[in-house]
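Accompanying notes for the structure given below.
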Amino acid sequence: MSKNIAKLQNPHLDTMPSDFLYHLDINVTNTKDTSDIQQKFGDVRVICMGGTVSRMRELTLYLRKILAVSDSSDPVDLSERGHRYAMFKVGPVLCVSHGVGSSTFSVVLHELLKLVKYARCQDPVFLRIGTCGGIGVPPGTVVVTKDAFNGLLRNEHEIAILGERVVRPAQFSADLIKDIMTYGADPNDTFQIISANTMGTDCFYEGQGRTDGAICEYTEKDKMAFLQKCHDLGIRNIEMEASMFASVTQKVGVKAGDVCVTLVNRLKGDQVTITMDQKHEFEQRPFLVTGRYIKKLLHE
């Protein structure tokens, strides 16, 4: 089977003699000879991303076990000097923090896409692992996103470029979704794994129809009507990254998937009421699902 190297949609990159991936603190000193970058990152097959540094560090330790990487040292943050994001490497997998929301995520996503290009990584797979609010599913449900909707309930991502409104489609790879659902589930799991649509909003409070923010100019009835409309569109979870993530990766033609666990059923309330112990256990569930998929992928 032929291997593909990421081909980005920016002709200007071909004319740049060097490229400093500022937020990752990685300097590509010679774009015509990236052998040093290839030596460090050329073996990368999977890029896992999540909101917090602690979660990505924990994922790194977990992947060491299931991938049988013999390393008992404390994970090293390869982007520590950048003071923005954290990046850990475990075998052929990168674990990178992306912050909260599409704006912070898009910054590191652009630089990671350039990194796999310069490193000539073959068939890289990008996975987001996180938490979310559910719509009509119980807390603890793992949702693998199919189509990503924005806050206007459109299956697209909207961005302002050079003062103009640019709209791009936002779908994740059907083949990858199928593989995650096939290899990520286990008959002994005590939780449900579903594939469904996701809404990625620009705001945690008003953008997601919450009534517990600092500002709210709608009624409980308005909120419930909105959430029901989301449910009718096949949306089963809400977070703040999916539409941008799907759109960018679809645009450049790399496989990507979004695997999140629900912490609350928004049809029953806005506040997260599970205990911290439950929250920690729930957060391990996307680790289990993506870990099984990664293990299968790397042994193909």
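Residues are referred to by chain and number: the chain letter is A, B, ... according to the order shown in the structure tokens, the number counts from 1 in that chain, and ligands are numbered separately from 1 in the order shown.
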
request  = Mind the document's chain letters and residue numbers, and return as a PyMOL selection string the residues of range 34-245 of chain A that DSSP labels alpha helix (DSSP H).
outcome  = chain A and resi 35-41+53-66+102-118+174-184+220-232+242-245

Suppose we keep C-alpha atoms; can you now write the selection as a compact mmCIF listing (two decimals), in the first residue's frame?
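selection-v5.txt was written with the following content:
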# COMPACT_ATOMS: atom_id res chain seq x y z
CA SER A 35 16.74 15.80 7.41
CA ASP A 36 17.13 16.97 11.01
CA ILE A 37 13.36 17.31 11.39
CA GLN A 38 12.84 13.97 9.67
CA GLN A 39 15.26 12.32 12.08
CA LYS A 40 13.33 13.62 15.10
CA PHE A 41 9.75 13.30 13.86
CA VAL A 53 -1.12 19.70 29.39
CA SER A 54 -1.88 17.31 32.24
CA ARG A 55 -4.22 15.23 30.09
CA MET A 56 -1.64 14.91 27.31
CA ARG A 57 1.06 13.99 29.79
CA GLU A 58 -1.25 11.34 31.24
CA LEU A 59 -2.02 10.05 27.73
CA THR A 60 1.72 9.79 27.04
CA LEU A 61 2.20 7.59 30.11
CA TYR A 62 -0.81 5.47 29.14
CA LEU A 63 0.43 4.96 25.57
CA ARG A 64 3.83 3.89 26.84
CA LYS A 65 2.13 0.93 28.51
CA ILE A 66 -0.08 -0.22 25.67
CA SER A 102 -10.94 26.66 18.01
CA SER A 103 -8.85 29.83 18.13
CA THR A 104 -6.08 28.34 20.27
CA PHE A 105 -6.41 24.92 18.64
CA SER A 106 -6.09 26.29 15.10
CA VAL A 107 -2.72 27.87 15.90
CA VAL A 108 -1.09 24.63 16.98
CA LEU A 109 -2.94 22.60 14.33
CA HIS A 110 -1.45 24.70 11.52
CA GLU A 111 2.03 24.25 12.96
CA LEU A 112 1.58 20.51 13.51
CA LEU A 113 0.44 20.09 9.92
CA LYS A 114 3.56 21.90 8.77
CA LEU A 115 5.67 19.76 11.09
CA VAL A 116 4.43 16.47 9.59
CA LYS A 117 5.04 17.94 6.12
CA TYR A 118 8.64 18.88 6.87
CA ALA A 174 -15.68 8.06 7.16
CA ASP A 175 -13.01 5.35 6.92
CA LEU A 176 -11.31 6.55 10.08
CA ILE A 177 -14.62 6.75 11.96
CA LYS A 178 -15.36 3.17 10.96
CA ASP A 179 -11.93 1.99 12.11
CA ILE A 180 -12.19 3.78 15.46
CA MET A 181 -15.63 2.29 16.06
CA THR A 182 -14.43 -1.18 15.00
CA TYR A 183 -11.12 -1.36 16.83
CA GLY A 184 -11.76 1.11 19.65
CA GLU A 220 -35.13 28.12 29.65
CA LYS A 221 -37.79 27.34 27.06
CA ASP A 222 -35.67 28.95 24.31
CA LYS A 223 -32.67 26.91 25.41
CA MET A 224 -34.56 23.62 25.37
CA ALA A 225 -35.98 24.35 21.92
CA PHE A 226 -32.44 25.00 20.65
CA LEU A 227 -31.07 21.79 22.19
CA GLN A 228 -33.95 19.80 20.74
CA LYS A 229 -33.18 21.26 17.31
CA CYS A 230 -29.58 20.11 17.76
CA HIS A 231 -30.81 16.63 18.70
CA ASP A 232 -33.05 16.51 15.63
CA ALA A 242 -14.91 20.08 16.05
CA SER A 243 -16.00 22.28 13.14
CA MET A 244 -12.61 24.00 12.79
CA PHE A 245 -10.73 20.72 13.25

query = Counting only C-alpha atoms, what is within 8 Å of Thr273 in chain A, bar same-chain residues fewer than 2 positions away, as a list in words?
reply = Val264, Gln271 and Thr275 of chain A

Write out as an mmCIF file with all heavy atoms, in the first residue's frame the residues lying within 8 Å of Ile194 in chain A, counting only C-alpha atoms and excluding same-chain residues fewer than 2 positions away.
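part-v1.cif, written as the output of this step:
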data_model
loop_
_atom_site.group_PDB
_atom_site.id
_atom_site.type_symbol
_atom_site.label_atom_id
_atom_site.label_comp_id
_atom_site.auth_asym_id
_atom_site.auth_seq_id
_atom_site.Cartn_x
_atom_site.Cartn_y
_atom_site.Cartn_z
ATOM 1 N N THR A 141 -20.679 8.745 28.047
ATOM 2 C CA THR A 141 -20.774 8.222 26.685
ATOM 3 C C THR A 141 -19.624 8.758 25.838
ATOM 4 O O THR A 141 -19.323 9.950 25.866
ATOM 5 C CB THR A 141 -22.111 8.637 26.036
ATOM 6 O OG1 THR A 141 -23.196 8.158 26.819
ATOM 7 C CG2 THR A 141 -22.221 8.096 24.616
ATOM 8 N N VAL A 142 -18.969 7.884 25.089
ATOM 9 C CA VAL A 142 -17.901 8.311 24.189
ATOM 10 C C VAL A 142 -18.500 8.541 22.798
ATOM 11 O O VAL A 142 -19.154 7.657 22.237
ATOM 12 C CB VAL A 142 -16.780 7.259 24.102
ATOM 13 C CG1 VAL A 142 -15.747 7.655 23.038
ATOM 14 C CG2 VAL A 142 -16.099 7.104 25.459
ATOM 15 N N VAL A 143 -18.298 9.747 22.278
ATOM 16 C CA VAL A 143 -18.851 10.131 20.975
ATOM 17 C C VAL A 143 -17.722 10.297 19.968
ATOM 18 O O VAL A 143 -16.789 11.068 20.185
ATOM 19 C CB VAL A 143 -19.655 11.443 21.069
ATOM 20 C CG1 VAL A 143 -20.264 11.789 19.706
ATOM 21 C CG2 VAL A 143 -20.754 11.347 22.133
ATOM 22 N N VAL A 144 -17.817 9.552 18.870
ATOM 23 C CA VAL A 144 -16.886 9.695 17.748
ATOM 24 C C VAL A 144 -17.612 10.519 16.692
ATOM 25 O O VAL A 144 -18.631 10.100 16.151
ATOM 26 C CB VAL A 144 -16.475 8.321 17.182
ATOM 27 C CG1 VAL A 144 -15.487 8.497 16.034
ATOM 28 C CG2 VAL A 144 -15.880 7.441 18.275
ATOM 29 N N MET A 181 -14.486 2.997 15.489
ATOM 30 C CA MET A 181 -15.628 2.290 16.061
ATOM 31 C C MET A 181 -15.383 0.779 16.095
ATOM 32 O O MET A 181 -15.796 0.083 17.033
ATOM 33 C CB MET A 181 -16.890 2.590 15.250
ATOM 34 C CG MET A 181 -17.354 4.042 15.319
ATOM 35 S SD MET A 181 -17.857 4.547 16.975
ATOM 36 C CE MET A 181 -19.317 3.518 17.217
ATOM 37 N N GLN A 192 -20.926 3.273 26.693
ATOM 38 C CA GLN A 192 -21.393 3.241 25.312
ATOM 39 C C GLN A 192 -20.476 4.068 24.421
ATOM 40 O O GLN A 192 -20.029 5.160 24.800
ATOM 41 C CB GLN A 192 -22.826 3.779 25.238
ATOM 42 C CG GLN A 192 -23.466 3.671 23.861
ATOM 43 C CD GLN A 192 -24.891 4.217 23.848
ATOM 44 O OE1 GLN A 192 -25.284 4.988 24.715
ATOM 45 N NE2 GLN A 192 -25.656 3.825 22.842
ATOM 46 N N ALA A 196 -21.751 9.982 16.033
ATOM 47 C CA ALA A 196 -22.840 10.944 15.865
ATOM 48 C C ALA A 196 -22.282 12.295 15.459
ATOM 49 O O ALA A 196 -21.067 12.492 15.402
ATOM 50 C CB ALA A 196 -23.635 11.065 17.172
#

task = Skip Gly269 in chain A itself and residues of its chain fewer than 6 positions away, then list as a PyMOL selection string all residues within 12 Å of it, counting only C-alpha atoms.
result = chain A and resi 133-136+138-139+209-212+220+223-224+227+263

ask   = Taking the backbone alone, and naming residues the way the document does, which bits of range 24-152 of chain A are strand (DSSP E) by DSSP, as JSON, numbers by chain?
value = {"A": [26, 27, 28, 46, 47, 48, 49, 50, 87, 88, 89, 90, 93, 94, 95, 96, 97, 125, 126, 127, 128, 129, 130, 131, 132, 133, 134, 142, 143, 144, 145, 146, 147, 148, 149]}

Within 10 Å of Tyr85 in chain A using only C-alpha atoms, minus same-chain residues under 5 positions, as a compact mmCIF listing (two decimals) with N, CA, C and O atoms, in the first residue's frame:
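Output below, filename around02.txt:
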# COMPACT_ATOMS: atom_id res chain seq x y z
N HIS A 23 5.08 28.66 18.00
CA HIS A 23 4.37 28.24 19.21
C HIS A 23 4.80 26.85 19.68
O HIS A 23 4.57 26.49 20.84
N LEU A 24 5.41 26.08 18.80
CA LEU A 24 5.94 24.76 19.17
C LEU A 24 7.43 24.84 19.50
O LEU A 24 8.02 23.86 19.97
N ASP A 25 8.04 25.99 19.23
CA ASP A 25 9.47 26.19 19.43
C ASP A 25 10.28 25.16 18.62
O ASP A 25 11.19 24.52 19.13
N GLY A 51 -7.10 19.22 25.27
CA GLY A 51 -7.09 20.58 25.80
C GLY A 51 -5.97 20.91 26.76
O GLY A 51 -5.33 21.95 26.65
N THR A 52 -5.70 20.03 27.74
CA THR A 52 -4.79 20.40 28.81
C THR A 52 -3.44 19.67 28.74
O THR A 52 -3.35 18.57 28.19
N VAL A 53 -2.45 20.30 29.32
CA VAL A 53 -1.12 19.70 29.39
C VAL A 53 -1.16 18.42 30.22
O VAL A 53 -0.57 17.40 29.84
N ASP A 77 8.59 17.64 27.73
CA ASP A 77 7.82 18.57 26.91
C ASP A 77 8.74 19.17 25.86
O ASP A 77 9.60 20.01 26.17
N LEU A 78 8.57 18.76 24.61
CA LEU A 78 9.45 19.20 23.53
C LEU A 78 9.21 20.66 23.13
O LEU A 78 10.01 21.23 22.39
N SER A 79 8.10 21.24 23.60
CA SER A 79 7.79 22.63 23.25
C SER A 79 7.78 23.54 24.48
O SER A 79 7.19 24.62 24.45
N GLU A 80 8.44 23.12 25.52
CA GLU A 80 8.39 23.85 26.78
C GLU A 80 8.85 25.30 26.64
O GLU A 80 8.26 26.22 27.22
N VAL A 96 -0.18 16.33 22.13
CA VAL A 96 -0.02 17.78 22.13
C VAL A 96 -1.24 18.46 22.74
O VAL A 96 -2.38 18.13 22.41
N SER A 97 -1.01 19.42 23.64
CA SER A 97 -2.12 20.19 24.21
C SER A 97 -2.52 21.29 23.23
O SER A 97 -1.69 21.81 22.50
N HIS A 98 -3.83 21.63 23.22
CA HIS A 98 -4.28 22.66 22.28
C HIS A 98 -5.09 23.78 22.93
O HIS A 98 -5.56 24.69 22.24
N GLY A 99 -5.26 23.76 24.26
CA GLY A 99 -6.02 24.81 24.91
C GLY A 99 -7.52 24.63 24.72
O GLY A 99 -7.99 23.56 24.33
N THR A 104 -7.38 28.82 19.80
CA THR A 104 -6.08 28.34 20.27
C THR A 104 -5.70 27.05 19.56
O THR A 104 -4.52 26.82 19.25
N PHE A 105 -6.67 26.20 19.30
CA PHE A 105 -6.41 24.92 18.64
C PHE A 105 -5.90 25.13 17.22
O PHE A 105 -4.98 24.45 16.76
N VAL A 107 -4.13 27.44 15.94
CA VAL A 107 -2.72 27.87 15.90
C VAL A 107 -1.80 26.66 15.90
O VAL A 107 -0.93 26.52 15.02
N VAL A 108 -1.98 25.79 16.88
CA VAL A 108 -1.09 24.63 16.98
C VAL A 108 -1.37 23.61 15.87
O VAL A 108 -0.46 22.92 15.40

Spatial neighbours of Thr31 in chain A, max dist 10 Å, only C-alpha atoms, sep filter under 6 positions, as number ranges by chain = A: 13-19, 37, 118
